[in-house]
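K.L.:
Sending over upload.tsv (TSV, C-alpha atoms).
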```
chain	number	residue	atom	x	y	z
W	15	MET	CA	6.49	-21.27	16.01
W	16	SER	CA	6.64	-18.35	13.58
W	17	THR	CA	3.47	-16.62	12.48
W	18	THR	CA	2.33	-15.24	9.13
W	19	ALA	CA	1.76	-11.62	8.14
W	20	PHE	CA	-0.17	-10.61	5.05
W	21	VAL	CA	1.25	-7.32	3.76
W	22	PHE	CA	-0.61	-5.31	1.14
W	23	PRO	CA	1.15	-3.13	-1.47
W	24	GLY	CA	0.44	0.45	-2.36
W	25	GLN	CA	0.49	2.71	-5.39
W	26	GLY	CA	3.25	1.91	-7.85
W	27	SER	CA	2.57	-1.83	-7.87
W	28	GLN	CA	-0.04	-1.55	-10.63
W	29	ARG	CA	0.52	-3.21	-13.99
W	30	ILE	CA	-1.63	-4.02	-16.99
W	31	GLY	CA	-3.06	-7.51	-16.60
W	32	MET	CA	-2.97	-7.54	-12.81
W	33	GLY	CA	-5.43	-10.02	-11.39
W	34	ARG	CA	-6.00	-11.73	-14.74
W	35	GLU	CA	-4.73	-15.15	-13.67
W	36	LEU	CA	-6.70	-15.09	-10.44
W	37	MET	CA	-9.83	-14.19	-12.36
W	38	GLU	CA	-9.21	-16.96	-14.88
W	39	ARG	CA	-8.84	-19.50	-12.09
W	40	ARG	CA	-11.87	-18.34	-10.17
W	41	THR	CA	-14.26	-16.87	-12.69
W	42	GLU	CA	-16.79	-16.02	-9.98
W	43	PHE	CA	-14.61	-13.03	-9.05
W	44	LEU	CA	-15.61	-11.37	-12.31
W	45	GLU	CA	-19.19	-11.03	-11.10
W	46	SER	CA	-18.68	-10.92	-7.33
W	47	HIS	CA	-15.96	-8.26	-7.33
W	48	TYR	CA	-14.90	-6.80	-10.68
W	49	ARG	CA	-18.33	-6.08	-12.16
W	50	VAL	CA	-19.50	-4.82	-8.79
W	51	ALA	CA	-16.52	-2.45	-8.68
W	52	ASP	CA	-17.29	-1.19	-12.20
W	53	GLU	CA	-20.86	-0.42	-11.16
W	54	ILE	CA	-19.97	1.22	-7.84
W	55	LEU	CA	-17.33	3.51	-9.34
W	56	GLY	CA	-18.96	4.14	-12.69
W	57	ILE	CA	-15.71	3.46	-14.55
W	58	PRO	CA	-14.51	0.40	-16.52
W	59	LEU	CA	-12.10	-0.66	-13.76
W	60	THR	CA	-12.05	-4.29	-14.92
W	61	GLU	CA	-11.02	-3.31	-18.42
W	62	LEU	CA	-8.39	-0.90	-17.11
W	63	CYS	CA	-6.88	-3.57	-14.85
W	64	LEU	CA	-6.75	-6.14	-17.62
W	65	ARG	CA	-5.88	-4.04	-20.67
W	66	GLY	CA	-5.03	-0.49	-19.63
W	67	PRO	CA	-4.01	1.81	-21.25
W	68	ALA	CA	-1.04	2.29	-18.94
W	69	GLU	CA	-1.34	6.08	-18.83
W	70	GLU	CA	-4.92	5.89	-17.59
W	71	LEU	CA	-4.10	3.10	-15.14
W	72	ARG	CA	-1.40	5.34	-13.61
W	73	ALA	CA	-3.89	8.10	-12.79
W	74	MET	CA	-4.39	8.21	-9.02
W	75	PRO	CA	-8.22	7.91	-9.10
W	76	VAL	CA	-7.80	4.70	-11.14
W	77	THR	CA	-4.56	3.26	-9.76
W	78	GLN	CA	-5.73	3.27	-6.17
W	79	PRO	CA	-8.99	1.31	-6.60
W	80	ALA	CA	-7.26	-0.99	-9.13
W	81	VAL	CA	-4.48	-1.99	-6.73
W	82	PHE	CA	-6.93	-2.23	-3.84
W	83	LEU	CA	-9.33	-4.49	-5.76
W	84	THR	CA	-6.53	-6.78	-6.97
W	85	SER	CA	-5.29	-7.11	-3.39
W	86	VAL	CA	-8.76	-7.90	-2.07
W	87	VAL	CA	-9.21	-10.63	-4.69
W	88	ALA	CA	-5.78	-12.09	-3.92
W	89	HIS	CA	-6.70	-12.17	-0.24
W	90	GLU	CA	-10.00	-13.90	-1.00
W	91	THR	CA	-8.11	-16.44	-3.13
W	92	LEU	CA	-5.76	-17.26	-0.27
W	93	ARG	CA	-8.66	-17.58	2.16
W	94	GLY	CA	-10.45	-19.87	-0.28
W	95	ARG	CA	-7.42	-22.14	-0.22
W	96	GLY	CA	-7.20	-22.24	3.54
W	97	VAL	CA	-4.39	-19.74	4.13
W	98	GLU	CA	-5.18	-17.12	6.77
W	99	PRO	CA	-2.93	-14.45	8.30
W	100	ASP	CA	-2.06	-14.11	11.96
W	101	VAL	CA	-1.61	-10.36	11.46
W	102	VAL	CA	-1.92	-7.88	8.57
W	103	ALA	CA	-0.33	-4.59	7.53
W	104	GLY	CA	-0.32	-2.37	4.46
W	105	HIS	CA	2.07	0.06	2.84
W	106	SER	CA	0.31	3.39	2.30
W	107	LEU	CA	-2.71	2.62	0.07
W	108	GLY	CA	-2.27	-1.04	1.03
W	109	GLU	CA	-3.45	-0.25	4.54
W	110	PHE	CA	-7.02	-0.04	3.22
W	111	ALA	CA	-6.86	-3.63	1.95
W	112	ALA	CA	-5.28	-4.62	5.25
W	113	MET	CA	-8.24	-3.10	7.10
W	114	VAL	CA	-10.60	-5.15	4.93
W	115	ALA	CA	-8.63	-8.30	5.76
W	116	ALA	CA	-8.77	-7.34	9.45
W	117	GLY	CA	-12.56	-7.01	9.34
W	118	VAL	CA	-12.57	-3.24	9.92
W	119	LEU	CA	-14.05	-2.36	6.52
W	120	ASP	CA	-16.34	-3.99	3.99
W	121	TRP	CA	-14.47	-4.21	0.69
W	122	THR	CA	-17.08	-2.13	-1.13
W	123	ASP	CA	-16.70	0.70	1.40
W	124	GLY	CA	-12.93	0.38	1.07
W	125	LEU	CA	-13.27	0.66	-2.70
W	126	ARG	CA	-15.23	3.91	-2.41
W	127	LEU	CA	-12.71	5.29	0.06
W	128	VAL	CA	-9.67	4.63	-2.09
W	129	ARG	CA	-11.42	6.11	-5.13
W	130	LEU	CA	-12.09	9.26	-3.10
W	131	ARG	CA	-8.54	9.18	-1.78
W	132	GLY	CA	-7.17	9.10	-5.32
W	133	GLU	CA	-9.46	11.90	-6.45
W	134	LEU	CA	-8.51	14.13	-3.53
W	135	MET	CA	-4.80	13.52	-4.00
W	136	ASP	CA	-5.11	14.19	-7.72
W	137	SER	CA	-6.92	17.47	-7.01
W	138	VAL	CA	-4.03	18.62	-4.82
W	139	HIS	CA	-1.52	17.75	-7.52
W	140	ARG	CA	-3.46	19.70	-10.14
W	141	GLU	CA	-3.46	22.80	-7.96
W	142	THR	CA	0.00	22.35	-6.44
W	143	PRO	CA	2.21	20.18	-8.66
W	144	GLY	CA	4.30	17.84	-6.59
W	145	SER	CA	6.50	14.80	-6.96
W	146	MET	CA	8.31	12.09	-5.00
W	147	GLY	CA	11.89	10.91	-5.14
W	148	ALA	CA	13.83	7.94	-3.81
W	149	VAL	CA	17.23	8.13	-2.14
W	150	ILE	CA	19.31	4.98	-1.81
W	151	GLY	CA	22.17	4.82	0.67
W	152	LEU	CA	21.30	7.60	3.11
W	153	VAL	CA	19.29	7.25	6.32
W	154	PRO	CA	16.40	9.46	7.52
W	155	ALA	CA	18.65	11.30	9.97
W	156	ASP	CA	20.84	12.38	7.04
W	157	LEU	CA	17.89	13.46	4.96
W	158	GLU	CA	16.12	15.53	7.60
W	159	GLY	CA	18.81	18.18	7.35
W	160	LEU	CA	18.97	17.96	3.57
W	161	CYS	CA	15.20	18.44	3.33
W	162	ALA	CA	15.53	21.58	5.44
W	163	ARG	CA	18.29	22.88	3.14
W	164	ALA	CA	16.31	22.08	-0.02
W	165	ALA	CA	13.24	23.82	1.39
W	166	ALA	CA	15.32	26.87	2.29
W	167	ASP	CA	16.98	26.95	-1.13
W	168	THR	CA	13.72	26.71	-3.09
W	169	GLY	CA	11.04	28.01	-0.75
W	170	GLU	CA	9.12	24.81	-1.44
W	171	VAL	CA	7.93	21.95	0.76
W	172	VAL	CA	10.00	18.75	0.72
W	173	GLU	CA	9.70	16.14	3.46
W	174	ILE	CA	10.48	12.51	4.17
W	175	ALA	CA	7.49	10.44	3.08
W	176	ASN	CA	8.51	6.77	3.37
W	177	HIS	CA	11.21	4.88	5.24
W	178	ASN	CA	11.02	1.79	3.05
W	179	ASP	CA	14.04	-0.23	4.11
W	180	HIS	CA	17.31	0.34	5.92
W	181	ARG	CA	18.85	2.04	2.87
W	182	GLN	CA	15.86	3.44	0.95
W	183	VAL	CA	14.03	6.63	1.86
W	184	VAL	CA	11.38	8.41	-0.22
W	185	VAL	CA	10.84	12.17	-0.10
W	186	SER	CA	7.77	14.12	-1.19
W	187	GLY	CA	6.77	17.72	-1.80
W	188	ARG	CA	6.70	20.44	-4.41
W	189	THR	CA	8.48	19.50	-7.60
W	190	GLY	CA	11.28	22.04	-7.24
W	191	GLY	CA	11.91	21.14	-3.62
W	192	VAL	CA	12.14	17.43	-4.40
W	193	ALA	CA	14.48	18.07	-7.33
W	194	ARG	CA	16.78	20.16	-5.13
W	195	LEU	CA	16.74	17.53	-2.38
W	196	LEU	CA	17.82	14.85	-4.86
W	197	GLU	CA	20.70	17.08	-5.96
W	198	LEU	CA	21.81	17.57	-2.36
W	199	ALA	CA	21.49	13.86	-1.59
W	200	ASP	CA	23.62	13.00	-4.59
W	201	GLU	CA	26.27	15.48	-3.46
W	202	ALA	CA	26.12	13.99	0.05
W	203	GLY	CA	27.10	10.56	-1.24
W	204	ALA	CA	23.83	8.75	-1.92
W	205	GLU	CA	24.33	5.61	-3.99
W	206	ARG	CA	21.40	6.51	-6.22
W	207	VAL	CA	18.66	9.12	-6.47
W	208	LEU	CA	15.65	9.05	-8.76
W	209	THR	CA	12.33	10.75	-9.33
W	210	LEU	CA	9.38	8.39	-8.95
W	211	ALA	CA	6.59	8.20	-11.53
W	212	VAL	CA	3.67	8.34	-9.09
W	213	GLY	CA	1.71	11.32	-10.42
W	214	GLY	CA	2.11	13.68	-7.46
W	215	ALA	CA	3.12	14.12	-3.85
W	216	ALA	CA	1.96	11.89	-0.98
W	217	HIS	CA	2.56	11.62	2.76
W	218	CYS	CA	3.53	15.24	3.25
W	219	SER	CA	2.06	18.50	4.50
W	220	LEU	CA	0.94	19.54	0.99
W	221	LEU	CA	-2.04	17.22	1.48
W	222	SER	CA	-3.20	18.61	4.82
W	223	GLY	CA	-6.14	20.41	3.23
W	224	ILE	CA	-7.90	17.20	2.17
W	225	GLU	CA	-7.76	15.38	5.51
W	226	GLU	CA	-11.01	16.93	6.75
W	227	GLU	CA	-13.09	15.88	3.73
W	228	PHE	CA	-11.69	12.36	3.85
W	229	GLY	CA	-12.33	12.24	7.58
W	230	ARG	CA	-16.00	13.01	6.98
W	231	ALA	CA	-16.19	10.09	4.54
W	232	LEU	CA	-14.70	7.80	7.18
W	233	GLU	CA	-17.13	9.03	9.83
W	234	ALA	CA	-20.06	8.17	7.56
W	235	LEU	CA	-19.06	4.49	7.51
W	236	ASP	CA	-19.73	1.74	10.02
W	237	LEU	CA	-16.17	0.74	10.87
W	238	ARG	CA	-15.56	-2.17	13.22
W	239	ASP	CA	-12.86	-3.16	15.68
W	240	PRO	CA	-10.30	-5.49	14.04
W	241	VAL	CA	-10.97	-9.21	14.31
W	242	VAL	CA	-7.54	-10.00	12.85
W	243	PRO	CA	-4.58	-8.14	14.40
W	244	VAL	CA	-3.44	-5.22	12.25
W	245	VAL	CA	-0.37	-3.00	12.53
W	246	SER	CA	-0.56	0.46	10.98
W	247	ALA	CA	2.40	1.80	9.03
W	248	VAL	CA	1.42	5.28	10.23
W	249	THR	CA	2.31	4.39	13.83
W	250	ALA	CA	4.14	1.04	13.47
W	251	ALA	CA	1.84	-0.10	16.29
W	252	PRO	CA	-1.23	-2.32	16.62
W	253	VAL	CA	-4.65	-0.89	15.76
W	254	ARG	CA	-7.10	-2.07	18.41
W	255	THR	CA	-10.33	-0.16	17.74
W	256	ALA	CA	-12.41	1.17	14.86
W	257	HIS	CA	-11.63	4.70	16.04
W	258	GLU	CA	-7.88	4.05	15.88
W	259	ALA	CA	-8.29	2.53	12.41
W	260	ALA	CA	-10.14	5.59	11.10
W	261	ASP	CA	-7.52	7.89	12.61
W	262	CYS	CA	-4.66	6.03	10.93
W	263	LEU	CA	-6.40	6.00	7.54
W	264	ARG	CA	-7.10	9.73	7.76
W	265	ARG	CA	-3.57	10.60	8.91
W	266	GLN	CA	-2.00	8.80	5.94
W	267	PHE	CA	-2.18	11.93	3.79
W	268	THR	CA	0.42	13.81	5.80
W	269	SER	CA	2.12	11.08	7.87
W	270	ARG	CA	5.32	9.25	7.03
W	271	VAL	CA	5.08	5.57	6.03
W	272	ARG	CA	7.15	3.87	8.74
W	273	TRP	CA	7.63	0.62	6.87
W	274	VAL	CA	10.95	-0.37	8.45
W	275	ASP	CA	9.51	0.09	11.93
W	276	THR	CA	6.34	-1.77	10.92
W	277	VAL	CA	8.19	-4.82	9.61
W	278	LEU	CA	10.46	-4.88	12.67
W	279	ALA	CA	7.40	-4.65	14.94
W	280	LEU	CA	5.82	-7.59	13.10
W	281	ALA	CA	9.03	-9.60	13.36
W	282	ASP	CA	9.37	-8.80	17.05
W	283	SER	CA	5.85	-10.14	17.58
W	284	GLY	CA	6.86	-13.50	16.09
W	285	VAL	CA	6.22	-13.09	12.37
W	286	GLY	CA	8.58	-15.23	10.30
W	287	ASP	CA	6.55	-15.44	7.07
W	288	PHE	CA	5.58	-12.38	5.01
W	289	VAL	CA	3.10	-12.72	2.14
W	290	GLU	CA	2.71	-9.81	-0.28
W	291	VAL	CA	-0.99	-9.94	-1.12
W	292	GLY	CA	-1.71	-8.11	-4.37
W	293	PRO	CA	0.08	-7.02	-7.53
W	294	GLY	CA	3.81	-6.46	-7.79
W	295	LYS	CA	6.80	-7.65	-5.83
W	296	ALA	CA	8.37	-4.50	-4.40
W	297	LEU	CA	6.89	-4.89	-0.93
W	298	SER	CA	8.09	-8.47	-0.49
W	299	LYS	CA	11.57	-7.34	-1.52
W	300	LEU	CA	11.49	-4.62	1.12
W	301	CYS	CA	10.41	-7.11	3.78
W	302	GLY	CA	13.22	-9.46	2.74
W	303	ARG	CA	15.82	-6.71	2.97
W	304	ILE	CA	14.58	-5.54	6.37
W	305	ARG	CA	14.42	-9.10	7.79
W	306	PRO	CA	16.72	-11.30	5.64
W	307	GLU	CA	16.01	-14.35	7.82
W	308	ALA	CA	12.25	-14.19	7.11
W	309	ALA	CA	10.46	-16.29	4.50
W	310	VAL	CA	8.86	-14.07	1.86
W	311	TYR	CA	6.09	-15.00	-0.58
W	312	ARG	CA	4.19	-13.24	-3.36
W	313	THR	CA	0.79	-13.53	-5.01
W	314	ASN	CA	1.38	-11.41	-8.10
W	315	ASP	CA	0.73	-14.35	-10.41
W	316	ALA	CA	-0.80	-17.82	-10.13
W	317	GLU	CA	2.56	-19.60	-9.86
W	318	GLN	CA	3.76	-17.39	-7.02
W	319	LEU	CA	0.44	-17.76	-5.22
W	320	ASP	CA	0.64	-21.55	-5.55
W	321	ARG	CA	4.09	-21.49	-3.94
W	322	ALA	CA	2.79	-19.46	-1.05
W	323	VAL	CA	-0.17	-21.78	-0.53
W	324	ALA	CA	2.05	-24.86	-0.68
W	325	ALA	CA	4.50	-23.47	1.87
W	326	LEU	CA	2.01	-21.88	4.24
W	327	GLY	CA	-0.50	-24.69	3.94
W	328	ALA	CA	2.17	-27.07	5.22
W	329	VAL	CA	3.03	-24.68	8.05
W	330	THR	CA	-0.65	-24.34	8.93
W	331	ALA	CA	-1.12	-28.10	8.98
W	332	GLN	CA	1.93	-28.63	11.19
W	333	GLY	CA	0.85	-25.87	13.52
W	334	ALA	CA	-2.64	-27.36	13.83
W	335	GLY	CA	-1.15	-30.73	14.68
W	336	ALA	CA	1.14	-29.21	17.28
W	337	ARG	CA	-1.79	-27.57	19.02
```
Take the structure in the file and write it out as structure tokens.

P.N.:
Amino acid sequence: MSTTAFVFPGQGSQRIGMGRELMERRTEFLESHYRVADEILGIPLTELCLRGPAEELRAMPVTQPAVFLTSVVAHETLRGRGVEPDVVAGHSLGEFAAMVAAGVLDWTDGLRLVRLRGELMDSVHRETPGSMGAVIGLVPADLEGLCARAAADTGEVVEIANHNDHRQVVVSGRTGGVARLLELADEAGAERVLTLAVGGAAHCSLLSGIEEEFGRALEALDLRDPVVPVVSAVTAAPVRTAHEAADCLRRQFTSRVRWVDTVLALADSGVGDFVEVGPGKALSKLCGRIRPEAAVYRTNDAEQLDRAVAALGAVTAQGAGAR
């Protein structure tokens, strides 16, 4: 019998109005989560999620807690309707929501962490402007050499940041280095190259200077061993202890997101159903491209969430009967 993975999206999945339908269906979330988040962070996060403006919502210190909070609420909605994961994972920022779902973190501590994460990443970008770019149609082995050439040509850092699916790789670094890499990838026969609107670099050595401060914030928290299995996209391997969880969350700043390896590891463990828990639909598309035979569900609006509950509720009921 196949099992179910909840996968949590990262930065880039934000949109004005995210979470609105979930909040309208379960109005208690307004007080239990959204107003609490506003008070903890000292910003009008609820208003920004619901009404923007888009430019402010895209800012890293806002985007990251906004996506995280929406994912946490979507997870609580699924739990309230009897749908539980067998295993969880998250793409970049999404790993924090996955750790909440796994019982490693309280959601309020996770909220503070992702706010700090966004602030630290934004501070790096202000001092050392960076960017990210996507390359479609070349594999990491092709891009390793092109990154080295682009770095040599420009004297700027550019590295592979995400291996998102079998044909999509994201690079990150200084703006000039990324631009040169995209030129070289285009010349090398990439189907498509594009600069991503993410507000700065991520998952590269430019961010090494903020790991220590973030590590201290993690050490100050009471993290727990996972009670739900969790696979980290930093290692594409199970996280078994609180110490391992903290290490993976800290290493995110400079480590590659190994999403292809993570999805394949989940599938190899028996996962046949992937549920994207949070705003957007990009992550479910990636999972579907990596494992075309898998069933993929979304929770980015009430209708999609209902479909997931209907399908997985039936699977859960059948599985319970079989046992």

K.L.:
Env of Val101 (chain W): 8 Å cut, atoms = all atoms listed in the file, seq-sep filter 5 positions within chain, self excluded. Answer as a count of residues only.

P.N.:
7

K.L.:
Suppose you want the space between CA of Val291 (chain W) and CA of Asp123 (chain W); what is it in Å?

P.N.:
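Straight-line distance from CA of Val291 (chain W) to CA of Asp123 (chain W) works out to 19.1 Å.
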
K.L.:
Measuring atom to atom with all atoms listed in the file, identify which of W:Ala112, W:Leu55, W:Met74, W:Ala324 is nearest to Ala216 (chain W).

P.N.:
W:Met74

K.L.:
Do you have the CA of Met135 (chain W)-CA of Gly213 (chain W) distance handy?

P.N.:
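Taking CA of Met135 (chain W) and CA of Gly213 (chain W), their separation equals 9.4 Å.
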
K.L.:
Skip Arg264 (chain W) itself and residues of its chain fewer than 5 positions away, then list as JSON, numbers by chain all residues within 9 Å of it, counting all atoms listed in the file.

P.N.:
{"W": [225, 226, 228, 229, 232, 259]}

K.L.:
Neighbourhood query: residues within 12 Å of (20.3, 11.7, 8.5), file coordinates, counting all atoms listed in the file; return as a PyMOL selection string.

P.N.:
chain W and resi 149+151-162+174+177+181+183+199+202-204

K.L.:
Using C-alpha atoms, can you export the residues from the last selection as a JSON list (two decimals), in the coordinates of the input?

P.N.:
```json
[["chain", "number", "residue", "atom", "x", "y", "z"],
["W", 149, "VAL", "CA", 17.23, 8.13, -2.14],
["W", 151, "GLY", "CA", 22.17, 4.82, 0.67],
["W", 152, "LEU", "CA", 21.30, 7.60, 3.11],
["W", 153, "VAL", "CA", 19.29, 7.25, 6.32],
["W", 154, "PRO", "CA", 16.40, 9.46, 7.52],
["W", 155, "ALA", "CA", 18.65, 11.30, 9.97],
["W", 156, "ASP", "CA", 20.84, 12.38, 7.04],
["W", 157, "LEU", "CA", 17.89, 13.46, 4.96],
["W", 158, "GLU", "CA", 16.12, 15.53, 7.60],
["W", 159, "GLY", "CA", 18.81, 18.18, 7.35],
["W", 160, "LEU", "CA", 18.97, 17.96, 3.57],
["W", 161, "CYS", "CA", 15.20, 18.44, 3.33],
["W", 162, "ALA", "CA", 15.53, 21.58, 5.44],
["W", 174, "ILE", "CA", 10.48, 12.51, 4.17],
["W", 177, "HIS", "CA", 11.21, 4.88, 5.24],
["W", 181, "ARG", "CA", 18.85, 2.04, 2.87],
["W", 183, "VAL", "CA", 14.03, 6.63, 1.86],
["W", 199, "ALA", "CA", 21.49, 13.86, -1.59],
["W", 202, "ALA", "CA", 26.12, 13.99, 0.05],
["W", 203, "GLY", "CA", 27.10, 10.56, -1.24],
["W", 204, "ALA", "CA", 23.83, 8.75, -1.92]]
```

K.L.:
Would you mind completing region 64-76 of chain W so that it carries N, CA, C and O atoms, and writing it out as a PDB file, in the coordinates of the input?

P.N.:
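And here's part03.pdb as it stands now:
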```
ATOM      1  N   LEU W  64      -7.163  -5.064 -16.723  1.00  0.00           N
ATOM      2  CA  LEU W  64      -6.750  -6.140 -17.620  1.00  0.00           C
ATOM      3  C   LEU W  64      -6.003  -5.634 -18.851  1.00  0.00           C
ATOM      4  O   LEU W  64      -5.068  -6.283 -19.325  1.00  0.00           O
ATOM      5  N   ARG W  65      -6.418  -4.472 -19.375  1.00  0.00           N
ATOM      6  CA  ARG W  65      -5.880  -4.040 -20.670  1.00  0.00           C
ATOM      7  C   ARG W  65      -5.372  -2.597 -20.702  1.00  0.00           C
ATOM      8  O   ARG W  65      -4.844  -2.159 -21.716  1.00  0.00           O
ATOM      9  N   GLY W  66      -5.512  -1.871 -19.631  1.00  0.00           N
ATOM     10  CA  GLY W  66      -5.030  -0.490 -19.630  1.00  0.00           C
ATOM     11  C   GLY W  66      -5.963   0.442 -20.377  1.00  0.00           C
ATOM     12  O   GLY W  66      -7.175   0.225 -20.386  1.00  0.00           O
ATOM     13  N   PRO W  67      -5.432   1.518 -20.989  1.00  0.00           N
ATOM     14  CA  PRO W  67      -4.010   1.810 -21.250  1.00  0.00           C
ATOM     15  C   PRO W  67      -3.230   2.207 -20.000  1.00  0.00           C
ATOM     16  O   PRO W  67      -3.811   2.640 -19.008  1.00  0.00           O
ATOM     17  N   ALA W  68      -1.904   2.066 -20.088  1.00  0.00           N
ATOM     18  CA  ALA W  68      -1.040   2.290 -18.940  1.00  0.00           C
ATOM     19  C   ALA W  68      -1.164   3.703 -18.391  1.00  0.00           C
ATOM     20  O   ALA W  68      -1.165   3.903 -17.168  1.00  0.00           O
ATOM     21  N   GLU W  69      -1.261   4.691 -19.283  1.00  0.00           N
ATOM     22  CA  GLU W  69      -1.340   6.080 -18.830  1.00  0.00           C
ATOM     23  C   GLU W  69      -2.576   6.300 -17.966  1.00  0.00           C
ATOM     24  O   GLU W  69      -2.514   6.973 -16.926  1.00  0.00           O
ATOM     25  N   GLU W  70      -3.698   5.729 -18.371  1.00  0.00           N
ATOM     26  CA  GLU W  70      -4.920   5.890 -17.590  1.00  0.00           C
ATOM     27  C   GLU W  70      -4.848   5.088 -16.290  1.00  0.00           C
ATOM     28  O   GLU W  70      -5.339   5.530 -15.253  1.00  0.00           O
ATOM     29  N   LEU W  71      -4.227   3.929 -16.341  1.00  0.00           N
ATOM     30  CA  LEU W  71      -4.100   3.100 -15.140  1.00  0.00           C
ATOM     31  C   LEU W  71      -3.225   3.784 -14.100  1.00  0.00           C
ATOM     32  O   LEU W  71      -3.394   3.559 -12.902  1.00  0.00           O
ATOM     33  N   ARG W  72      -2.287   4.638 -14.540  1.00  0.00           N
ATOM     34  CA  ARG W  72      -1.400   5.340 -13.610  1.00  0.00           C
ATOM     35  C   ARG W  72      -2.072   6.507 -12.906  1.00  0.00           C
ATOM     36  O   ARG W  72      -1.555   7.007 -11.897  1.00  0.00           O
ATOM     37  N   ALA W  73      -3.202   6.973 -13.410  1.00  0.00           N
ATOM     38  CA  ALA W  73      -3.890   8.100 -12.790  1.00  0.00           C
ATOM     39  C   ALA W  73      -4.357   7.715 -11.388  1.00  0.00           C
ATOM     40  O   ALA W  73      -4.938   6.647 -11.190  1.00  0.00           O
ATOM     41  N   MET W  74      -4.104   8.567 -10.418  1.00  0.00           N
ATOM     42  CA  MET W  74      -4.390   8.210  -9.020  1.00  0.00           C
ATOM     43  C   MET W  74      -5.817   7.732  -8.784  1.00  0.00           C
ATOM     44  O   MET W  74      -6.021   6.757  -8.039  1.00  0.00           O
ATOM     45  N   PRO W  75      -6.851   8.381  -9.375  1.00  0.00           N
ATOM     46  CA  PRO W  75      -8.220   7.910  -9.100  1.00  0.00           C
ATOM     47  C   PRO W  75      -8.505   6.530  -9.683  1.00  0.00           C
ATOM     48  O   PRO W  75      -9.510   5.910  -9.308  1.00  0.00           O
ATOM     49  N   VAL W  76      -7.638   6.041 -10.571  1.00  0.00           N
ATOM     50  CA  VAL W  76      -7.800   4.700 -11.140  1.00  0.00           C
ATOM     51  C   VAL W  76      -6.832   3.721 -10.476  1.00  0.00           C
ATOM     52  O   VAL W  76      -7.210   2.612 -10.086  1.00  0.00           O
TER      53      VAL W  76
END
```
